[in-house]
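Structure data follow from run_15.cif (mmCIF, C-alpha atoms):
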data_upload
#
loop_
_atom_site.label_atom_id
_atom_site.label_comp_id
_atom_site.auth_asym_id
_atom_site.auth_seq_id
_atom_site.Cartn_x
_atom_site.Cartn_y
_atom_site.Cartn_z
CA MET L 41 4.35 -9.02 38.53
CA GLY L 42 6.88 -7.94 35.89
CA SER L 43 7.68 -11.56 34.97
CA GLU L 44 3.95 -12.28 34.42
CA GLU L 45 3.44 -9.11 32.39
CA GLU L 46 6.42 -9.72 30.09
CA PRO L 47 5.17 -13.02 28.58
CA SER L 48 1.77 -11.38 28.12
CA GLN L 49 3.37 -8.50 26.23
CA MET L 50 5.38 -10.93 24.11
CA ARG L 51 2.26 -12.95 23.28
CA ARG L 52 0.45 -9.74 22.39
CA ALA L 53 3.28 -8.72 20.04
CA LEU L 54 3.26 -12.22 18.52
CA VAL L 55 -0.49 -12.01 17.90
CA ASP L 56 -0.17 -8.57 16.28
CA SER L 57 2.80 -9.53 14.09
CA LEU L 58 1.32 -12.87 12.94
CA ALA L 59 -2.12 -11.39 12.27
CA GLY L 60 -0.53 -8.46 10.43
CA ALA L 61 1.71 -10.69 8.30
CA ILE L 62 -1.06 -13.14 7.36
CA SER L 63 -3.62 -10.44 6.57
CA GLY L 64 -1.02 -8.53 4.54
CA GLY L 65 -0.10 -11.66 2.57
CA ILE L 66 -3.74 -12.44 1.75
CA SER L 67 -4.49 -8.86 0.70
CA ARG L 68 -1.32 -8.54 -1.36
CA THR L 69 -1.83 -11.76 -3.33
CA VAL L 70 -5.51 -11.08 -4.07
CA THR L 71 -4.84 -7.57 -5.40
CA SER L 72 -1.52 -8.21 -7.22
CA PRO L 73 -2.94 -7.91 -10.78
CA LEU L 74 -4.18 -4.38 -10.12
CA ASP L 75 -0.88 -3.46 -8.46
CA VAL L 76 1.07 -4.59 -11.55
CA ILE L 77 -1.16 -2.47 -13.83
CA LYS L 78 -0.88 0.51 -11.47
CA ILE L 79 2.94 0.32 -11.50
CA ARG L 80 3.05 0.05 -15.31
CA PHE L 81 0.98 3.25 -15.52
CA GLN L 82 3.04 5.09 -12.92
CA VAL L 83 6.40 4.44 -14.60
CA GLN L 84 5.15 5.22 -18.12
CA LEU L 85 6.29 8.68 -19.20
CA GLU L 86 3.76 8.76 -22.06
CA PRO L 87 0.08 9.61 -21.39
CA THR L 88 -1.97 6.78 -19.87
CA THR L 89 -5.34 7.74 -21.38
CA SER L 90 -6.53 7.93 -24.98
CA TRP L 91 -7.45 11.61 -24.45
CA GLY L 92 -3.98 12.34 -23.08
CA VAL L 93 -2.40 10.77 -26.16
CA LEU L 94 -4.28 13.27 -28.37
CA GLN L 95 -3.44 16.25 -26.17
CA ARG L 96 0.30 15.82 -25.56
CA ASP L 97 3.16 15.05 -27.93
CA VAL L 98 6.20 15.30 -25.63
CA TYR L 99 6.89 11.57 -25.86
CA GLY L 100 6.23 8.80 -28.38
CA PRO L 101 3.20 6.49 -28.59
CA SER L 102 1.80 5.12 -25.33
CA LYS L 103 2.06 1.45 -24.42
CA TYR L 104 -0.84 1.50 -21.97
CA THR L 105 -3.86 3.78 -22.41
CA GLY L 106 -6.49 2.35 -20.09
CA LEU L 107 -7.24 -0.32 -17.48
CA LEU L 108 -8.96 -2.73 -19.87
CA GLN L 109 -6.39 -2.24 -22.65
CA ALA L 110 -3.49 -2.75 -20.20
CA THR L 111 -5.13 -5.90 -18.84
CA LYS L 112 -5.52 -7.38 -22.34
CA ASP L 113 -1.97 -6.41 -23.35
CA ILE L 114 -0.34 -7.95 -20.28
CA LEU L 115 -2.45 -11.10 -20.62
CA ARG L 116 -1.55 -11.47 -24.31
CA GLU L 117 2.17 -10.75 -23.96
CA GLU L 118 2.99 -12.23 -20.56
CA GLY L 119 0.12 -14.59 -19.76
CA LEU L 120 -1.59 -14.87 -16.36
CA PRO L 121 1.74 -15.04 -14.46
CA GLY L 122 2.41 -11.48 -15.67
CA PHE L 123 -0.22 -10.23 -13.23
CA TRP L 124 1.72 -11.71 -10.32
CA ARG L 125 5.13 -10.48 -11.51
CA GLY L 126 7.10 -9.24 -8.53
CA ASN L 127 4.67 -10.89 -6.11
CA VAL L 128 7.38 -12.80 -4.20
CA PRO L 129 9.38 -9.67 -3.26
CA ALA L 130 6.03 -7.95 -2.74
CA LEU L 131 5.08 -10.60 -0.18
CA LEU L 132 8.55 -10.37 1.37
CA MET L 133 7.94 -6.63 1.60
CA TYR L 134 4.27 -6.53 2.53
CA MET L 135 4.12 -9.32 5.13
CA PRO L 136 6.89 -7.88 7.35
CA TYR L 137 5.53 -4.40 6.57
CA THR L 138 2.06 -5.19 7.93
CA ALA L 139 3.54 -7.26 10.77
CA ILE L 140 5.72 -4.35 11.90
CA GLN L 141 2.95 -1.82 11.26
CA PHE L 142 0.25 -3.52 13.34
CA THR L 143 2.71 -4.45 16.13
CA VAL L 144 4.07 -0.90 16.45
CA LEU L 145 0.56 0.53 16.12
CA HIS L 146 -0.73 -1.60 19.00
CA LYS L 147 2.28 -0.68 21.14
CA LEU L 148 1.77 3.04 20.52
CA LYS L 149 -1.97 2.82 21.24
CA THR L 150 -1.26 0.82 24.40
CA PHE L 151 1.19 3.48 25.54
CA ALA L 152 -1.26 6.31 24.74
CA SER L 153 -4.31 4.66 26.34
CA GLY L 154 -2.58 2.93 29.25
CA SER L 155 -4.27 -0.33 28.31
CA SER L 156 -3.41 -3.20 25.96
CA ARG L 157 -7.10 -4.02 25.39
CA THR L 158 -8.08 -3.33 21.77
CA GLU L 159 -11.55 -2.08 22.76
CA ASP L 160 -9.96 0.60 24.96
CA HIS L 161 -7.98 1.91 21.98
CA LEU L 162 -11.21 3.03 20.31
CA HIS L 163 -11.59 5.67 23.03
CA LEU L 164 -8.37 7.40 21.95
CA SER L 165 -8.77 10.78 20.31
CA PRO L 166 -8.78 10.73 16.49
CA TYR L 167 -5.62 12.84 16.60
CA LEU L 168 -3.72 10.09 18.44
CA SER L 169 -5.03 7.46 15.99
CA TYR L 170 -3.63 9.45 13.07
CA VAL L 171 -0.26 10.04 14.77
CA SER L 172 0.06 6.37 15.81
CA GLY L 173 -0.75 5.23 12.28
CA ALA L 174 1.84 7.60 10.78
CA LEU L 175 4.62 6.48 13.14
CA ALA L 176 3.79 2.81 12.63
CA GLY L 177 3.87 3.33 8.86
CA CYS L 178 7.33 4.93 9.05
CA ALA L 179 8.75 2.06 11.12
CA ALA L 180 7.27 -0.54 8.75
CA THR L 181 8.51 1.29 5.62
CA ILE L 182 12.12 1.53 6.79
CA GLY L 183 12.11 -2.13 7.83
CA SER L 184 10.80 -3.49 4.51
CA TYR L 185 11.84 -0.92 1.88
CA PRO L 186 14.43 -2.94 -0.15
CA PHE L 187 11.73 -5.51 -0.96
CA ASP L 188 9.41 -2.71 -2.09
CA LEU L 189 12.13 -1.50 -4.48
CA LEU L 190 12.67 -5.01 -5.89
CA ARG L 191 8.91 -5.52 -6.26
CA THR L 192 8.58 -2.32 -8.28
CA ILE L 193 11.49 -3.17 -10.58
CA LEU L 194 10.29 -6.73 -11.27
CA ALA L 195 6.67 -5.65 -11.79
CA SER L 196 7.56 -2.83 -14.20
CA GLN L 197 10.17 -4.52 -16.42
CA GLY L 198 7.79 -6.29 -18.84
CA GLU L 199 9.09 -8.66 -21.54
CA PRO L 200 11.82 -9.50 -22.30
CA LYS L 201 12.82 -9.49 -18.67
CA VAL L 202 15.72 -7.32 -17.58
CA TYR L 203 16.10 -9.43 -14.44
CA PRO L 204 15.01 -13.10 -14.53
CA THR L 205 15.01 -13.44 -10.74
CA MET L 206 14.83 -11.32 -7.62
CA ARG L 207 18.41 -12.32 -6.79
CA SER L 208 19.74 -11.05 -10.14
CA ALA L 209 17.97 -7.71 -9.59
CA PHE L 210 19.38 -7.46 -6.07
CA VAL L 211 22.95 -8.23 -7.19
CA ASP L 212 22.81 -5.75 -10.10
CA ILE L 213 21.48 -2.95 -7.90
CA ILE L 214 24.30 -3.52 -5.39
CA LYS L 215 26.87 -3.50 -8.23
CA THR L 216 25.58 -0.44 -10.09
CA ARG L 217 24.12 1.72 -7.32
CA GLY L 218 25.67 0.37 -4.14
CA VAL L 219 23.81 -0.50 -0.94
CA GLN L 220 22.15 2.94 -0.99
CA GLY L 221 20.55 1.88 -4.28
CA LEU L 222 18.28 -0.45 -2.29
CA TYR L 223 16.82 2.69 -0.70
CA SER L 224 16.28 4.73 -3.88
CA GLY L 225 13.10 6.75 -3.43
CA LEU L 226 12.99 6.27 0.36
CA SER L 227 12.64 10.02 1.04
CA PRO L 228 9.47 10.51 -1.05
CA THR L 229 8.21 7.20 0.34
CA LEU L 230 8.52 8.44 3.92
CA VAL L 231 6.97 11.79 2.96
CA GLU L 232 4.12 9.79 1.39
CA ILE L 233 3.74 7.20 4.14
CA ILE L 234 3.34 9.69 6.99
CA PRO L 235 0.07 11.15 5.67
CA TYR L 236 -0.96 7.87 3.99
CA ALA L 237 -0.62 5.58 7.02
CA GLY L 238 -1.93 8.30 9.31
CA LEU L 239 -5.01 8.80 7.15
CA GLN L 240 -5.52 5.07 6.60
CA PHE L 241 -5.47 4.03 10.26
CA GLY L 242 -6.92 7.26 11.61
CA SER L 243 -9.85 7.24 9.18
CA TYR L 244 -10.40 3.50 9.77
CA ASP L 245 -10.73 4.09 13.50
CA THR L 246 -12.98 7.10 12.84
CA PHE L 247 -15.24 5.12 10.47
CA LYS L 248 -15.32 2.19 12.92
CA ARG L 249 -16.33 4.46 15.82
CA SER L 250 -19.04 6.02 13.64
CA MET L 251 -20.31 2.55 12.73
CA MET L 252 -20.47 1.57 16.42
CA THR L 253 -22.40 4.76 17.21
CA TRP L 254 -24.80 3.98 14.35
CA ASN L 255 -25.30 0.44 15.68
CA ARG L 256 -26.13 1.74 19.18
CA TYR L 257 -28.55 4.26 17.71
CA ARG L 258 -30.20 1.64 15.51
CA TYR L 259 -30.63 -0.89 18.34
CA SER L 260 -32.05 1.70 20.73
CA HIS L 261 -34.62 2.84 18.17
CA LEU L 262 -35.61 -0.71 17.24
CA ASN L 263 -36.28 -1.44 20.94
CA LEU L 264 -34.34 -4.69 20.82
CA GLY L 265 -33.61 -4.52 24.53
CA SER L 266 -29.82 -4.18 24.29
CA GLU L 267 -27.51 -1.60 22.77
CA ASP L 268 -25.18 -3.90 20.85
CA ASP L 269 -22.50 -1.78 19.18
CA SER L 270 -20.42 -4.68 17.81
CA VAL L 271 -19.36 -4.19 14.20
CA SER L 272 -20.21 -6.86 11.62
CA SER L 273 -17.65 -8.21 9.14
CA PHE L 274 -19.45 -6.37 6.33
CA GLN L 275 -19.29 -3.10 8.28
CA LEU L 276 -15.57 -3.68 8.94
CA PHE L 277 -15.14 -4.26 5.20
CA LEU L 278 -16.89 -0.95 4.45
CA CYS L 279 -14.70 0.90 6.98
CA GLY L 280 -11.53 -0.56 5.47
CA PHE L 281 -12.78 0.13 1.95
CA ALA L 282 -13.47 3.79 2.75
CA ALA L 283 -10.16 4.23 4.61
CA GLY L 284 -8.18 2.69 1.74
CA THR L 285 -9.87 4.88 -0.87
CA PHE L 286 -9.51 8.11 1.08
CA SER L 287 -5.84 7.66 2.03
CA LYS L 288 -4.69 6.48 -1.41
CA ALA L 289 -6.46 9.26 -3.33
CA ALA L 290 -4.88 11.90 -1.08
CA CYS L 291 -1.31 10.58 -1.39
CA HIS L 292 -1.13 9.19 -4.94
CA PRO L 293 1.16 11.89 -6.47
CA LEU L 294 3.91 11.03 -3.98
CA ASP L 295 3.55 7.35 -4.86
CA VAL L 296 4.12 8.21 -8.55
CA VAL L 297 7.32 10.11 -7.65
CA LYS L 298 8.52 7.18 -5.53
CA LYS L 299 8.03 4.71 -8.39
CA ARG L 300 9.96 6.97 -10.80
CA PHE L 301 12.95 7.03 -8.43
CA GLN L 302 12.79 3.28 -7.94
CA ILE L 303 13.12 2.40 -11.65
CA GLU L 304 15.67 5.04 -12.68
CA GLY L 305 18.16 3.41 -15.06
CA LEU L 306 16.06 0.27 -15.65
CA LYS L 307 16.71 -0.80 -19.27
CA ARG L 308 13.21 -1.89 -20.27
CA HIS L 309 12.30 -2.87 -23.83
CA PRO L 310 11.58 0.25 -25.98
CA ARG L 311 7.99 -0.88 -26.58
CA TYR L 312 7.24 0.08 -22.95
CA GLY L 313 8.02 3.71 -23.76
CA ALA L 314 10.76 6.18 -22.93
CA ARG L 315 13.22 5.06 -20.28
CA ILE L 316 13.82 6.96 -17.09
CA GLU L 317 17.57 7.42 -17.13
CA SER L 318 19.71 7.49 -14.01
CA SER L 319 19.72 10.86 -12.23
CA THR L 320 16.73 12.10 -14.26
CA TYR L 321 15.31 13.57 -11.07
CA LYS L 322 17.56 15.47 -8.66
CA GLY L 323 15.16 15.32 -5.77
CA MET L 324 11.50 14.95 -4.84
CA TYR L 325 10.59 18.59 -5.55
CA HIS L 326 12.47 18.48 -8.88
CA ALA L 327 10.64 15.28 -9.83
CA LEU L 328 7.26 16.86 -9.09
CA LYS L 329 8.15 19.92 -11.23
CA GLU L 330 9.46 17.79 -14.11
CA ILE L 331 6.40 15.54 -14.18
CA VAL L 332 4.02 18.50 -14.18
CA ALA L 333 6.07 20.37 -16.83
CA LYS L 334 6.34 17.44 -19.24
CA GLU L 335 3.23 15.39 -18.50
CA GLY L 336 0.82 17.91 -17.02
CA PHE L 337 -0.85 17.64 -13.62
CA GLY L 338 -2.42 14.42 -14.86
CA GLY L 339 1.05 12.88 -14.78
CA LEU L 340 0.92 12.97 -10.98
CA TYR L 341 -2.23 10.86 -11.06
CA LYS L 342 -1.13 8.18 -13.52
CA GLY L 343 -2.41 4.82 -12.33
CA LEU L 344 -4.88 6.42 -9.90
CA PHE L 345 -7.88 4.41 -11.10
CA PRO L 346 -6.26 0.94 -10.82
CA SER L 347 -4.64 2.16 -7.60
CA LEU L 348 -8.03 3.01 -6.10
CA VAL L 349 -9.60 -0.17 -7.48
CA LYS L 350 -6.76 -2.05 -5.77
CA SER L 351 -6.30 -0.03 -2.56
CA ALA L 352 -9.94 0.07 -1.50
CA PRO L 353 -10.47 -3.72 -1.43
CA ALA L 354 -6.86 -4.25 -0.27
CA GLY L 355 -7.47 -2.01 2.74
CA ALA L 356 -10.79 -3.72 3.40
CA VAL L 357 -9.33 -7.24 3.15
CA THR L 358 -6.32 -6.31 5.32
CA PHE L 359 -8.38 -4.80 8.14
CA VAL L 360 -11.09 -7.49 8.15
CA ALA L 361 -8.54 -10.33 7.96
CA TYR L 362 -6.46 -8.72 10.72
CA GLU L 363 -9.46 -8.33 13.05
CA TYR L 364 -10.57 -11.96 12.63
CA ILE L 365 -7.10 -13.54 12.63
CA SER L 366 -6.14 -11.45 15.66
CA ASP L 367 -9.26 -12.60 17.56
CA TRP L 368 -8.53 -16.23 16.61
CA LEU L 369 -4.88 -16.03 17.68
CA GLU L 370 -5.88 -14.33 20.95
CA SER L 371 -8.19 -17.26 21.75
CA ILE L 372 -5.27 -19.64 21.25
CA LEU L 373 -2.29 -17.75 22.64
CA MET L 374 -3.58 -15.24 25.19
#

Take the structure in the file and write it out as structure tokens.
Amino acid sequence: MGSEEEPSQMRRALVDSLAGAISGGISRTVTSPLDVIKIRFQVQLEPTTSWGVLQRDVYGPSKYTGLLQATKDILREEGLPGFWRGNVPALLMYMPYTAIQFTVLHKLKTFASGSSRTEDHLHLSPYLSYVSGALAGCAATIGSYPFDLLRTILASQGEPKVYPTMRSAFVDIIKTRGVQGLYSGLSPTLVEIIPYAGLQFGSYDTFKRSMMTWNRYRYSHLNLGSEDDSVSSFQLFLCGFAAGTFSKAACHPLDVVKKRFQIEGLKRHPRYGARIESSTYKGMYHALKEIVAKEGFGGLYKGLFPSLVKSAPAGAVTFVAYEYISDWLESILM
């Protein structure tokens, strides 16, 4: 019995990891331009809106003051490839991240429900969905964090490049900061990922259950003879869209703090604004206080609009792609 169950568990893990990696890669590549703009906003000490430029004079002139202006500037100065800057380390980060996340998530839900069937996981309490999502997010973050750091550095450096390749960035970080430098900003990242992943997966399951209830209600009132509660691809897209928006909006300030830690000491060209020197922030709480004191509360929400514009479709694409790829792989491997 055990020998039959083990291959089944291994195949299940393979399905989850492959589906997670592929869906993560698709989502990441499609939304890369918005991620680059979001990072440029987050690491800019100067105001990121025209109104903010008029209101605050702590720093010099702003490089980026809006989504459209930033898009035109990057296109003019760096060309189309500028929108996919840092995409290779991002894929190296995001594909294992989503692979680990979905695999651990399925394992936790299987343990909690006593069944490996995906449909049985929908009967778990919302509380368990949130906790499972948070734990899966932590495991995935720790496993892929160095690539997240490299992605942020390469995406934020602008022109002329500080690091021409991912390897040169990696080597310099090891030389100047040591191995621990590859984990700069990990603490605020974990503090961010616990509520973020919990809200993302928990709210997705909640929205999906609500959609299934709505489908049963609709079919029963249309007298179609059967209560089909299956969720369409468009409905899955809407659930993922809503989950991505909700979770990102709630956790954005912690993402800003994480990005500041990740690029400390990066010698960008002066036209990109004031540099964040090494040891500018002594800890997460100190960083939050400094940002609010010097940039106002709005500083904690720099890049929120492109982040939401990116995260909502990214969440939708990831969940929909995962559901369909997972079903396809199950038909082949299970």

Fill in: Ground truth for the PyMOL selection byres ((chain L and resi 161) around 10), written as a VMD selection string
chain L and resid 146 148 to 160 162 to 165 168 to 169 245

Practice prompt. Just say which residues the PyMOL selection byres ((chain L and resi 190) around 8) picks in this file, as number ranges by chain.
Written response: L: 126, 129-130, 186-189, 191-194, 206, 209-210

Fill in: Chain and number of each residue from the PyMOL selection byres ((chain L and resi 181) around 12), as a ChimeraX atom specification
/L:133-141,144,174-180,182-189,223,225-234,236-237

Fill in: Of the listed residues L:Leu120, L:Leu239, L:Leu107, L:Met324, that which approaches Lys342 (chain L) most closely, counting all atoms listed in the file
L:Leu107

Fill in: Residue nearest Asn255 (chain L) among L:Leu306, L:Val70, L:Val271, L:Leu276 (counting all atoms listed in the file)
L:Val271

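For Tyr341 (chain L), the residues within 9 Å (counting all atoms listed in the file, excluding itself and residues fewer than 4 positions away along the chain) are Gln82, Ala289, His292, Pro293, Val296, Phe337 and Phe345 of chain L.
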
Would you mind listing what lies within 7 Å of Asp56 (chain L) as an mmCIF file with C-alpha atoms, in the frame of the given file, with only C-alpha atoms counted and same-chain residues fewer than 6 positions away left out?
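Written file, out.cif:
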data_model
loop_
_atom_site.group_PDB
_atom_site.id
_atom_site.type_symbol
_atom_site.label_atom_id
_atom_site.label_comp_id
_atom_site.auth_asym_id
_atom_site.auth_seq_id
_atom_site.Cartn_x
_atom_site.Cartn_y
_atom_site.Cartn_z
ATOM 1 C CA ALA L 139 3.540 -7.260 10.770
ATOM 2 C CA PHE L 142 0.250 -3.520 13.340
ATOM 3 C CA THR L 143 2.710 -4.450 16.130
ATOM 4 C CA SER L 366 -6.140 -11.450 15.660
#

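Nearest to Val202 (chain L) of all the residues L:Gly336, L:Gly323, L:Gly305, L:Pro101 is L:Gly305, based on all atoms listed in the file.
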
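The space separating CA of Cys279 (chain L) from CA of Tyr244 (chain L) comes to 5.7 Å.
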
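Taking CA of Asp212 (chain L) as the reference point, CA of Ser196 (chain L) is found at 16.1 Å.
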
Discussion item. Give me the residues near Leu328 (chain L) as number ranges by chain, where near means some atom within 9 Å (using all atoms listed in the file) and where sequence neighbours in that chain fewer than 5 positions away do not count.
Written reply: L: 293-294, 297, 321, 323, 333, 340

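Distances here use all atoms listed in the file; by that measure, the residue among L:Leu131, L:Ile213, L:Ala327, L:Ala282 closest to Phe247 (chain L) is L:Ala282.
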
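For the choices L:Val128, L:Val357, L:Val76, L:Leu58, the atom-to-atom distance to Phe274 (chain L) is smallest for L:Val357 when using only C-alpha atoms.
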
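Between CA of Pro200 (chain L) and CA of Ser102 (chain L) the interatomic distance comes to 18.0 Å.
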
Practice prompt. Please provide as a ChimeraX atom specification all residues within 9 Å of Gly122 (chain L), with the sequence filter that same-chain residues fewer than 4 positions apart are discarded (counting all atoms listed in the file).
Written response: /L:73,76,114-115,117-118,126,195,198
